[in-house]
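Visitor: Next up, my_file33.txt (compact mmCIF, C-alpha atoms).
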```
# COMPACT_ATOMS: atom_id res chain seq x y z
CA MET A 1194 28.48 24.27 57.20
CA LYS A 1195 25.03 22.99 57.92
CA ASN A 1196 23.54 20.59 55.42
CA HIS A 1197 20.24 22.02 54.14
CA PHE A 1198 19.24 18.88 52.19
CA SER A 1199 17.21 16.56 54.39
CA PHE A 1200 16.45 12.95 53.43
CA PRO A 1201 12.70 13.57 52.75
CA PHE A 1202 13.64 16.40 50.43
CA LEU A 1203 15.97 14.12 48.45
CA LEU A 1204 13.19 11.56 48.16
CA ALA A 1205 10.86 14.21 46.76
CA ILE A 1206 13.46 15.17 44.13
CA ALA A 1207 13.92 11.53 43.20
CA SER A 1208 10.20 11.06 42.74
CA VAL A 1209 9.96 14.07 40.45
CA LEU A 1210 12.89 12.85 38.35
CA VAL A 1211 11.36 9.43 37.88
CA TRP A 1212 8.06 10.79 36.57
CA SER A 1213 9.37 13.74 34.61
CA SER A 1214 12.60 12.61 32.98
CA CYS A 1215 12.23 8.85 32.69
CA SER A 1216 8.68 7.60 33.09
CA PRO A 1217 8.00 3.86 33.34
CA THR A 1218 6.45 2.35 30.22
CA LEU A 1219 3.08 0.91 31.30
CA TYR A 1220 1.17 1.65 28.07
CA ILE A 1221 2.24 0.67 24.53
CA PRO A 1222 -0.34 0.99 21.71
CA ASN A 1223 -0.67 -2.23 19.74
CA MET A 1224 -1.17 -2.70 16.00
CA LEU A 1225 -4.46 -1.45 14.53
CA ASN A 1226 -6.65 -4.38 13.46
CA THR A 1227 -8.07 -3.53 10.00
CA PRO A 1228 -10.19 -6.45 8.67
CA LEU A 1229 -11.33 -4.66 5.47
CA ALA A 1230 -13.79 -7.47 4.70
CA GLY A 1231 -15.49 -7.62 1.32
CA GLU A 1232 -18.40 -10.03 1.83
CA LYS A 1233 -19.93 -12.55 4.21
CA GLY A 1234 -17.50 -15.29 5.23
CA ASP A 1235 -14.33 -13.24 4.76
CA PHE A 1236 -11.59 -14.14 7.26
CA LYS A 1237 -8.27 -12.50 8.06
CA GLY A 1238 -5.54 -13.48 10.51
CA THR A 1239 -2.13 -11.95 11.28
CA PHE A 1240 0.92 -13.03 13.24
CA GLY A 1241 3.79 -10.62 13.75
CA THR A 1242 6.06 -8.68 16.03
CA MET A 1243 6.46 -5.08 17.11
CA SER A 1244 9.58 -2.96 16.90
CA LYS A 1245 10.87 -1.50 20.14
CA ASP A 1246 13.36 1.15 21.13
CA VAL A 1247 16.52 0.17 23.02
CA ARG A 1248 14.72 -2.34 25.23
CA GLY A 1249 15.33 -5.47 23.19
CA GLY A 1250 13.24 -8.40 24.37
CA SER A 1251 10.43 -10.01 22.39
CA SER A 1252 6.88 -9.27 21.29
CA TYR A 1253 4.11 -11.24 19.61
CA GLU A 1254 0.97 -9.84 18.03
CA LEU A 1255 -2.03 -11.97 17.07
CA GLN A 1256 -5.07 -10.61 15.26
CA GLY A 1257 -8.12 -12.10 13.61
CA SER A 1258 -11.38 -11.02 12.03
CA TYR A 1259 -14.46 -12.65 10.49
CA ALA A 1260 -17.49 -11.33 8.61
CA PRO A 1261 -20.52 -13.32 9.90
CA GLY A 1262 -22.92 -11.43 7.64
CA ASN A 1263 -23.19 -8.83 4.94
CA ASN A 1264 -21.78 -5.51 6.25
CA VAL A 1265 -21.00 -6.90 9.76
CA VAL A 1266 -17.50 -7.85 10.92
CA VAL A 1267 -16.04 -8.92 14.29
CA MET A 1268 -12.39 -8.76 15.33
CA GLY A 1269 -9.99 -9.65 18.14
CA SER A 1270 -6.38 -8.74 18.98
CA ALA A 1271 -3.70 -9.73 21.47
CA LEU A 1272 -0.23 -8.38 22.29
CA PHE A 1273 2.39 -10.11 24.47
CA MET A 1274 5.56 -8.11 25.04
CA ASP A 1275 8.58 -8.61 27.33
CA TRP A 1276 11.92 -6.85 27.61
CA GLY A 1277 14.99 -7.31 29.77
CA ASN A 1278 18.31 -5.70 30.57
CA SER A 1279 19.86 -3.31 28.06
CA PRO A 1280 23.34 -1.76 28.23
CA PHE A 1281 22.05 1.41 26.55
CA SER A 1282 19.14 2.10 28.87
CA THR A 1283 18.25 2.58 32.51
CA ILE A 1284 15.41 0.09 31.96
CA THR A 1285 16.06 -3.27 33.63
CA GLY A 1286 12.93 -5.20 32.67
CA GLY A 1287 9.22 -5.11 32.03
CA ASN A 1288 6.26 -6.51 30.14
CA HIS A 1289 3.04 -5.46 28.50
CA ARG A 1290 -0.20 -7.33 27.67
CA ILE A 1291 -3.42 -6.35 25.95
CA LEU A 1292 -6.49 -8.27 24.82
CA GLU A 1293 -9.29 -6.57 22.90
CA GLY A 1294 -12.31 -7.26 20.76
CA GLY A 1295 -14.66 -5.27 18.61
CA ALA A 1296 -17.21 -5.20 15.83
CA GLY A 1297 -18.36 -2.82 13.15
CA TYR A 1298 -19.76 -2.06 9.73
CA TYR A 1299 -18.00 -2.66 6.43
CA THR A 1300 -18.76 -2.11 2.77
CA ALA A 1301 -17.06 -3.02 -0.51
CA PHE A 1302 -16.93 -1.17 -3.81
CA GLY A 1303 -15.09 -1.10 -7.12
CA ARG A 1304 -15.83 -4.65 -8.33
CA ASN A 1305 -13.76 -5.95 -11.22
CA GLU A 1306 -14.92 -8.17 -14.07
CA GLN A 1307 -14.65 -11.27 -11.86
CA GLY A 1308 -16.90 -9.76 -9.21
CA PHE A 1309 -14.08 -9.06 -6.72
CA ALA A 1310 -14.48 -5.80 -4.78
CA MET A 1311 -11.09 -4.10 -4.62
CA GLY A 1312 -12.23 -1.07 -2.60
CA ARG A 1313 -12.99 -1.54 1.11
CA ALA A 1314 -14.21 0.76 3.89
CA GLU A 1315 -15.18 0.13 7.51
CA VAL A 1316 -15.90 1.69 10.89
CA LEU A 1317 -15.07 -0.38 13.99
CA GLY A 1318 -15.56 0.08 17.70
CA GLY A 1319 -14.11 -2.03 20.48
CA PHE A 1320 -13.02 -2.57 24.07
CA GLY A 1321 -9.77 -3.89 25.51
CA LEU A 1322 -8.02 -4.68 28.79
CA GLY A 1323 -4.29 -4.27 29.33
CA SER A 1324 -1.55 -4.35 31.93
CA GLY A 1325 2.06 -3.27 32.11
CA ALA A 1326 5.07 -3.56 34.39
CA ASP A 1327 8.36 -1.68 34.17
CA SER A 1328 11.51 -1.30 36.28
CA ASP A 1329 12.86 2.24 36.09
CA LEU A 1330 16.25 3.28 37.49
CA PHE A 1331 15.35 5.36 40.50
CA PHE A 1332 17.39 8.35 41.53
CA ASP A 1333 19.36 7.45 44.65
CA PRO A 1334 21.44 10.15 46.44
CA PHE A 1335 23.52 7.46 48.16
CA GLY A 1336 24.65 5.73 44.95
CA ASN A 1337 23.05 2.35 45.63
CA ASN A 1338 21.10 2.44 42.30
CA PRO A 1339 18.00 0.56 43.43
CA ASN A 1340 15.28 -0.14 40.85
CA ALA A 1341 11.66 0.81 41.36
CA LEU A 1342 9.10 -1.60 39.84
CA PHE A 1343 5.86 -0.03 38.59
CA ARG A 1344 2.69 -1.87 37.62
CA GLY A 1345 -0.54 -0.68 36.10
CA ARG A 1346 -3.81 -1.97 34.67
CA TYR A 1347 -6.06 -0.17 32.24
CA SER A 1348 -9.11 -0.42 30.00
CA ARG A 1349 -9.48 1.10 26.54
CA ILE A 1350 -12.41 1.88 24.28
CA PHE A 1351 -11.81 2.95 20.70
CA LEU A 1352 -13.41 4.04 17.44
CA GLN A 1353 -11.58 3.22 14.22
CA PRO A 1354 -12.52 4.19 10.65
CA ALA A 1355 -10.45 2.75 7.78
CA VAL A 1356 -10.37 2.61 3.99
CA GLY A 1357 -8.24 0.43 1.75
CA LEU A 1358 -7.54 -1.26 -1.56
CA ARG A 1359 -7.06 -5.01 -2.06
CA THR A 1360 -5.41 -6.61 -5.09
CA SER A 1361 -3.92 -10.03 -5.70
CA ILE A 1362 -0.38 -8.67 -5.12
CA VAL A 1363 -0.56 -5.54 -2.92
CA ASP A 1364 -2.97 -4.38 -0.22
CA VAL A 1365 -2.88 -0.79 1.08
CA SER A 1366 -5.02 0.68 3.86
CA GLY A 1367 -5.17 3.78 5.98
CA ALA A 1368 -6.83 3.87 9.40
CA MET A 1369 -7.17 6.12 12.42
CA ARG A 1370 -7.84 4.85 15.95
CA ILE A 1371 -9.25 7.26 18.52
CA SER A 1372 -8.88 5.76 22.00
CA SER A 1373 -9.98 6.60 25.53
CA VAL A 1374 -7.67 4.92 28.07
CA ASN A 1375 -8.43 4.65 31.78
CA PHE A 1376 -5.83 3.41 34.27
CA SER A 1377 -7.62 1.99 37.28
CA ASP A 1378 -4.56 0.71 39.16
CA ILE A 1379 -1.02 2.16 39.15
CA GLN A 1380 1.39 1.54 41.97
CA GLN A 1381 5.08 1.45 42.79
CA VAL A 1382 5.88 -2.03 44.06
CA ASN A 1383 9.36 -1.50 45.54
CA GLY A 1384 12.26 0.90 45.63
CA LEU A 1385 12.80 4.18 47.39
CA GLY A 1386 10.21 6.94 47.32
CA SER A 1387 6.56 7.33 48.12
CA THR A 1388 4.16 4.61 47.05
CA LEU A 1389 1.96 5.89 44.27
CA PRO A 1390 -1.75 5.93 45.16
CA LYS A 1391 -4.19 3.71 43.25
CA THR A 1392 -6.13 6.67 41.97
CA PRO A 1393 -7.72 6.29 38.51
CA PHE A 1394 -6.71 8.63 35.77
CA GLY A 1395 -7.12 8.60 32.01
CA PHE A 1396 -6.23 10.17 28.69
CA ALA A 1397 -7.20 10.03 25.03
CA THR A 1398 -5.02 9.42 21.97
CA VAL A 1399 -5.29 9.50 18.19
CA GLU A 1400 -3.29 7.03 16.09
CA PRO A 1401 -3.13 7.34 12.28
CA ALA A 1402 -1.70 4.20 10.63
CA LEU A 1403 -0.64 3.04 7.17
CA THR A 1404 -0.55 -0.69 6.41
CA VAL A 1405 1.02 -2.23 3.29
CA SER A 1406 0.90 -5.96 2.49
CA VAL A 1407 2.80 -7.64 -0.35
CA GLY A 1408 2.42 -11.25 -1.48
CA TYR A 1409 -0.06 -13.21 -3.54
CA LYS A 1410 -3.78 -13.52 -2.81
CA TYR A 1411 -4.01 -15.64 0.36
CA VAL A 1412 -0.67 -14.98 2.15
CA LYS A 1413 1.24 -11.70 2.30
CA PHE A 1414 3.95 -9.95 4.28
CA TYR A 1415 2.69 -6.82 6.04
CA MET A 1416 4.15 -3.70 7.64
CA GLN A 1417 2.22 -1.13 9.62
CA VAL A 1418 3.70 2.26 10.52
CA ARG A 1419 1.78 4.57 12.82
CA ALA A 1420 2.02 7.62 15.01
CA VAL A 1421 0.40 8.32 18.38
CA SER A 1422 -0.48 11.64 19.98
CA ALA A 1423 -2.30 12.49 23.19
CA ILE A 1424 -5.30 14.71 22.49
CA VAL A 1425 -6.73 14.81 26.04
CA ASN A 1426 -4.73 14.84 29.31
CA GLY A 1427 -1.33 14.66 27.70
CA GLU A 1428 0.43 14.85 31.06
CA ASN A 1429 -1.27 11.65 32.16
CA TYR A 1430 -0.19 9.93 28.96
CA ARG A 1431 3.44 10.90 29.49
CA GLN A 1432 3.37 9.47 33.03
CA VAL A 1433 2.83 5.94 31.72
CA THR A 1434 5.07 5.87 28.65
CA ASN A 1435 8.46 7.11 27.53
CA GLN A 1436 7.89 6.08 23.92
CA GLY A 1437 9.06 8.90 21.70
CA VAL A 1438 7.61 7.34 18.55
CA ALA A 1439 4.91 4.77 17.87
CA PRO A 1440 6.20 1.25 17.23
CA THR A 1441 6.16 -0.41 13.79
CA SER A 1442 4.58 -3.85 13.29
CA ILE A 1443 5.65 -6.48 10.76
CA GLY A 1444 4.59 -10.05 10.08
CA LEU A 1445 2.46 -12.34 7.92
CA VAL A 1446 -1.22 -12.01 7.07
CA GLY A 1447 -3.53 -14.70 5.69
CA SER A 1448 -6.94 -13.91 4.25
CA THR A 1449 -9.63 -15.20 1.94
CA TRP A 1450 -9.66 -14.36 -1.74
CA ARG A 1451 -13.08 -14.75 -3.38
CA GLU A 1452 -12.38 -13.82 -6.95
CA LYS A 1453 -14.06 -16.38 -9.25
CA PRO A 1454 -13.02 -15.94 -12.88
CA PRO A 1455 -15.44 -17.55 -15.36
CA LEU A 1456 -14.32 -20.71 -17.11
CA HIS A 1457 -14.95 -19.09 -20.48
CA ALA A 1458 -16.20 -15.84 -21.91
CA PRO A 1459 -19.90 -15.18 -21.27
CA ILE A 1460 -22.28 -16.03 -24.10
CA VAL A 1461 -24.93 -13.54 -25.13
CA LEU A 1462 -28.13 -15.34 -25.99
CA GLU A 1463 -30.07 -14.01 -28.96
CA LYS A 1464 -33.56 -15.13 -29.89
CA PRO A 1465 -33.68 -16.82 -33.32
CA ALA A 1466 -35.30 -14.70 -35.98
CA VAL A 1467 -38.90 -15.60 -36.91
CA PRO A 1468 -39.38 -16.37 -40.65
CA LYS A 1469 -41.40 -13.66 -42.39
CA ALA A 1470 -42.83 -15.87 -45.18
CA ASP A 1471 -46.28 -14.82 -46.30
CA PRO A 1472 -48.97 -17.45 -45.59
CA PRO A 1473 -51.07 -18.84 -48.44
CA ALA A 1474 -54.17 -16.86 -49.37
CA GLY A 1475 -56.93 -17.30 -46.86
CA GLU A 1476 -54.70 -19.00 -44.24
CA GLU A 1477 -53.30 -17.67 -41.02
CA THR A 1478 -49.62 -17.59 -40.21
CA PRO A 1479 -48.75 -20.94 -38.60
CA PRO A 1480 -47.15 -20.73 -35.16
CA VAL A 1481 -43.36 -21.01 -35.17
CA GLU A 1482 -41.75 -23.07 -32.39
CA LEU A 1483 -38.40 -21.53 -31.49
CA SER A 1484 -35.57 -23.84 -30.44
CA PRO A 1485 -33.48 -22.98 -27.40
CA ALA A 1486 -30.53 -20.77 -28.30
CA VAL A 1487 -28.11 -22.86 -26.21
CA VAL A 1488 -27.93 -26.57 -25.38
CA ILE A 1489 -25.82 -27.47 -22.34
CA PRO A 1490 -24.60 -31.07 -21.90
CA LEU A 1491 -24.65 -32.35 -18.31
CA LYS A 1492 -23.06 -35.31 -16.56
CA ASN A 1493 -25.11 -34.92 -13.38
CA ASN A 1494 -28.84 -35.06 -12.79
CA VAL A 1495 -28.95 -31.87 -10.68
CA VAL A 1496 -28.19 -28.38 -11.91
CA THR A 1497 -27.92 -25.13 -9.95
CA VAL A 1498 -29.21 -21.99 -11.63
CA CYS A 1499 -28.47 -18.49 -10.31
CA LEU A 1500 -30.04 -15.30 -11.68
CA ARG A 1501 -29.18 -11.68 -11.00
CA ASP A 1502 -29.43 -8.29 -12.68
CA ALA A 1503 -26.62 -7.80 -15.21
CA GLY A 1504 -26.65 -4.03 -14.70
CA SER A 1505 -27.92 -1.67 -12.05
CA PRO A 1506 -31.02 -3.13 -10.34
CA ASP A 1507 -34.09 -1.29 -11.62
CA GLY A 1508 -37.03 -3.50 -10.64
CA ASP A 1509 -36.90 -6.21 -13.36
CA LEU A 1510 -39.27 -9.10 -12.58
CA VAL A 1511 -38.86 -12.61 -14.02
CA SER A 1512 -40.30 -16.09 -13.59
CA ALA A 1513 -38.42 -19.38 -14.14
CA THR A 1514 -39.63 -22.93 -14.88
CA LEU A 1515 -37.79 -26.16 -15.61
CA ASN A 1516 -39.69 -29.15 -17.02
CA GLY A 1517 -42.93 -27.33 -16.27
CA VAL A 1518 -42.12 -26.84 -12.56
CA VAL A 1519 -42.14 -23.22 -11.32
CA TYR A 1520 -38.98 -22.36 -9.38
CA LEU A 1521 -39.27 -18.57 -9.42
CA HIS A 1522 -42.49 -16.58 -9.66
CA GLU A 1523 -42.20 -12.87 -10.43
CA ALA A 1524 -38.86 -12.60 -8.65
CA GLU A 1525 -37.08 -9.24 -8.66
CA LEU A 1526 -33.52 -9.22 -10.04
CA THR A 1527 -30.91 -7.60 -7.78
CA ARG A 1528 -27.10 -7.63 -7.53
CA LYS A 1529 -27.34 -10.57 -5.13
CA PRO A 1530 -27.98 -13.80 -7.09
CA VAL A 1531 -31.10 -15.84 -6.40
CA CYS A 1532 -30.35 -19.55 -6.86
CA PHE A 1533 -32.28 -22.80 -7.05
CA ASP A 1534 -31.42 -26.47 -7.57
CA ALA A 1535 -33.47 -28.44 -10.11
CA PRO A 1536 -33.35 -32.00 -11.51
CA ALA A 1537 -32.37 -32.62 -15.15
CA LEU A 1538 -33.64 -36.03 -16.25
CA PRO A 1539 -32.20 -38.28 -18.98
CA GLY A 1540 -34.47 -38.33 -22.02
CA ALA A 1541 -36.58 -35.41 -20.80
CA GLU A 1542 -36.93 -32.05 -22.52
CA ASN A 1543 -35.11 -30.24 -19.65
CA VAL A 1544 -35.85 -26.75 -20.91
CA LEU A 1545 -35.26 -23.80 -18.59
CA ARG A 1546 -37.78 -21.11 -19.55
CA LEU A 1547 -37.23 -17.56 -18.33
CA LEU A 1548 -40.22 -15.23 -18.68
CA GLY A 1549 -39.91 -11.47 -18.55
CA VAL A 1550 -42.70 -10.24 -16.26
CA SER A 1551 -41.71 -6.57 -15.99
CA GLU A 1552 -38.89 -4.50 -17.51
CA GLY A 1553 -38.62 -2.22 -14.48
CA ARG A 1554 -37.51 1.35 -14.94
CA VAL A 1555 -35.03 0.71 -17.78
CA LYS A 1556 -35.74 -1.42 -20.87
CA PRO A 1557 -35.03 -4.18 -21.72
CA ILE A 1558 -34.48 -6.80 -18.99
CA THR A 1559 -30.75 -7.59 -18.66
CA MET A 1560 -29.99 -10.74 -16.70
CA GLU A 1561 -26.90 -12.74 -15.81
CA VAL A 1562 -27.51 -16.50 -15.67
CA THR A 1563 -24.97 -18.80 -14.01
CA VAL A 1564 -25.39 -22.57 -14.43
CA ARG A 1565 -23.39 -24.71 -11.99
CA GLU A 1566 -22.72 -28.43 -12.31
CA GLY A 1567 -20.52 -29.37 -9.37
CA ARG A 1568 -17.52 -27.04 -9.58
CA LYS A 1569 -18.07 -26.25 -13.24
CA GLU A 1570 -19.75 -22.96 -14.09
CA ARG A 1571 -21.22 -21.50 -17.26
CA MET A 1572 -22.29 -17.87 -17.44
CA PHE A 1573 -24.77 -16.27 -19.86
CA TYR A 1574 -26.16 -12.77 -20.42
CA LEU A 1575 -29.77 -12.40 -21.51
CA ARG A 1576 -31.59 -9.41 -22.94
CA PHE A 1577 -35.33 -9.66 -23.48
CA GLY A 1578 -38.50 -7.67 -23.03
CA GLU A 1579 -41.64 -7.87 -20.98
CA GLY A 1580 -43.77 -10.87 -22.01
CA GLU A 1581 -40.87 -12.51 -23.89
CA THR A 1582 -39.35 -15.88 -23.04
CA GLU A 1583 -35.76 -17.10 -23.26
CA GLU A 1584 -34.87 -20.80 -23.12
CA ILE A 1585 -31.84 -22.93 -22.23
CA ARG A 1586 -31.92 -26.71 -22.73
CA PHE A 1587 -29.99 -29.25 -20.67
CA GLU A 1588 -29.04 -32.63 -22.14
CA VAL A 1589 -28.06 -35.30 -19.61
CA GLN A 1590 -25.40 -37.56 -21.07
CA GLU A 1591 -26.07 -41.20 -20.24
```
Would you give me this structure, written as structure tokens?

Guide:
Amino acid sequence: MKNHFSFPFLLAIASVLVWSSCSPTLYIPNMLNTPLAGEKGDFKGTFGTMSKDVRGGSSYELQGSYAPGNNVVVMGSALFMDWGNSPFSTITGGNHRILEGGAGYYTAFGRNEQGFAMGRAEVLGGFGLGSGADSDLFFDPFGNNPNALFRGRYSRIFLQPAVGLRTSIVDVSGAMRISSVNFSDIQQVNGLGSTLPKTPFGFATVEPALTVSVGYKYVKFYMQVRAVSAIVNGENYRQVTNQGVAPTSIGLVGSTWREKPPLHAPIVLEKPAVPKADPPAGEETPPVELSPAVVIPLKNNVVTVCLRDAGSPDGDLVSATLNGVVYLHEAELTRKPVCFDAPALPGAENVLRLLGVSEGRVKPITMEVTVREGRKERMFYLRFGEGETEEIRFEVQE
């Protein structure tokens, strides 16, 4: 009987089987980088590994982020992944690499009594370059079981919103990465079958992720679980991966913790009451010189004073002098402290006078005063009206 199966026909069947039933893995989505910064100077770094299916091998994930300014954060990520022979798979070996960077906007909310913002939200965008190689058992009608090596290079752009909660023990965040991936170079290096053309093709994916970190303040153990789905050109996506589920990432994360509890409970300054004694007949009421409500002993000759609105900023204006020198003139109080350094001299009066220039939209003026001497801090709350003066005296101990 005549054989109707020619050799080219068998090669065509083999090619279809490779790309339909067991695609080479040239694209593996890495861990989502979620900085969740709270203020300028915040830093976060992670080192971990990624779970794999039956491949075995090793993987290393490195991520970092830094907030160079208020509401601006930059980030970078890297993944290095290799796998070898496995008795449970037709995969004989491969690797995957990706490097990416990005930047975005962040905000913080839900500040506690120590001024630490527990709520975080951000929107990031970024760009990355990756490459992959994979040996896939190629269908061979003659039983020789040759392996076909596939290689590919791609670029990826992404948009990633996220929201989270940070505490001293547990951090929780949810994020979603929407990616556009473009393979510019895919080819079959060896093995039977037709060489794949280097024709570009792309796809888009969406990746929701949940990250939980447990530890204490600066160092925590993290786990990120995520899913991935192709939302554009799903057939192209399935040609470069046989991952049934998205990998899980685990490791250690180190980050800043900027909570600054006060050394003692804040003191509310009250103006001393003015005596209401009636003056003698025919005489005017003599002026009453009020003493400062608080006297602060100092060991240093320089003191740092920071002022900010103790409530919601409403346009309060104040002026500040120390030893007759004007350090603030009609400055508006906001949530961000305004600070100045001033000398406190032995034997001098060293009186900080705070003048209420305007009460803004809500009366009276409410102000938080922080006095720093080296690492030591004292915090005070003031309430006074327009045209009124509050005073704090510094005594330098000789």

Visitor: Could you jot down the CA of Ser1372 in chain A to CA of Pro1354 in chain A separation for me, Å, one decimal place?

Guide: 12.0 Å

Visitor: For Arg1359 in chain A, list every protein, DNA or RNA residue within 10 Å, evaluated using all atoms listed in the file, and leave out those in the same chain fewer than 3 positions away; present the list as a list in words.

Guide: Leu1229, Ala1230, Gly1231, Phe1309, Ala1310, Met1311, Gly1312, Arg1313, Ile1362, Val1363, Asp1364, Val1365, Ser1366, Ser1406, Lys1410 and Trp1450 of chain A

Visitor: Point out the residue among A:Ser1505, A:Gln1590, A:Ser1377, A:Thr1239 with the least atom-to-atom distance to Val1412 in chain A, counting all atoms listed in the file.

Guide: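 Selected residue with least distance to Val1412 in chain A: A:Thr1239.
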
Visitor: Go through A:Arg1571, A:Ser1244, A:Leu1515, A:Gly1257 and flag the residue nearest Gly1447 in chain A, using all atoms listed in the file for the distances.

Guide: A:Gly1257

Visitor: Extract, using only C-alpha atoms, all DNA, RNA and protein residues at most 10 Å from Gly1508 in chain A, discarding same-chain residues fewer than 4 positions from it, and format them as a VMD selection string.

Guide: chain A and resid 1502 1524 to 1527 1551 to 1555 1558

Visitor: Between CA of Ile1350 in chain A and CA of Arg1431 in chain A, what is the distance in Å, rounded to a tenth?

Guide: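 Taking CA of Ile1350 in chain A and CA of Arg1431 in chain A, their separation equals 19.0 Å.
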
Visitor: Mind checking which residues fall within 10 Å of Val1267 in chain A, counting all atoms listed in the file, ignoring those fewer than 3 positions away in the same chain, and posting them as a PyMOL selection string?

Guide: chain A and resi 1228+1230+1236+1257-1262+1294-1298+1317-1319

Visitor: When distances are computed from all atoms listed in the file, which of A:Pro1490, A:Gly1408, A:Gly1367, A:Gly1427 shows the smallest separation from Phe1396 in chain A?

Guide: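 Checking each of A:Pro1490, A:Gly1408, A:Gly1367, A:Gly1427 against Phe1396 in chain A, counting all atoms listed in the file, the winner is A:Gly1427.
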
Visitor: As AutoDock Vina command-line options, please report the centre and edge lengths, rounded to one decimal in Å, of the axis-aligned box that holds all listed atoms of range 1439-1448 of chain A with 3 Å of padding on each of the six sides.

Guide:
```
--center_x -0.4 --center_y -5.0 --center_z 11.1 --size_x 19.1 --size_y 25.5 --size_z 19.6
```

Visitor: Please provide as a compact mmCIF listing (two decimals) with C-alpha atoms, in the frame of the given file all residues within 12 Å of Arg1528 in chain A, with the sequence filter that same-chain residues fewer than 3 positions apart are discarded (counting only C-alpha atoms).

Guide:
```
# COMPACT_ATOMS: atom_id res chain seq x y z
CA ARG A 1304 -15.83 -4.65 -8.33
CA GLY A 1308 -16.90 -9.76 -9.21
CA CYS A 1499 -28.47 -18.49 -10.31
CA LEU A 1500 -30.04 -15.30 -11.68
CA ARG A 1501 -29.18 -11.68 -11.00
CA ASP A 1502 -29.43 -8.29 -12.68
CA ALA A 1503 -26.62 -7.80 -15.21
CA GLY A 1504 -26.65 -4.03 -14.70
CA SER A 1505 -27.92 -1.67 -12.05
CA PRO A 1506 -31.02 -3.13 -10.34
CA ASP A 1507 -34.09 -1.29 -11.62
CA GLY A 1508 -37.03 -3.50 -10.64
CA ASP A 1509 -36.90 -6.21 -13.36
CA GLU A 1525 -37.08 -9.24 -8.66
CA VAL A 1531 -31.10 -15.84 -6.40
CA THR A 1559 -30.75 -7.59 -18.66
CA MET A 1560 -29.99 -10.74 -16.70
CA GLU A 1561 -26.90 -12.74 -15.81
```
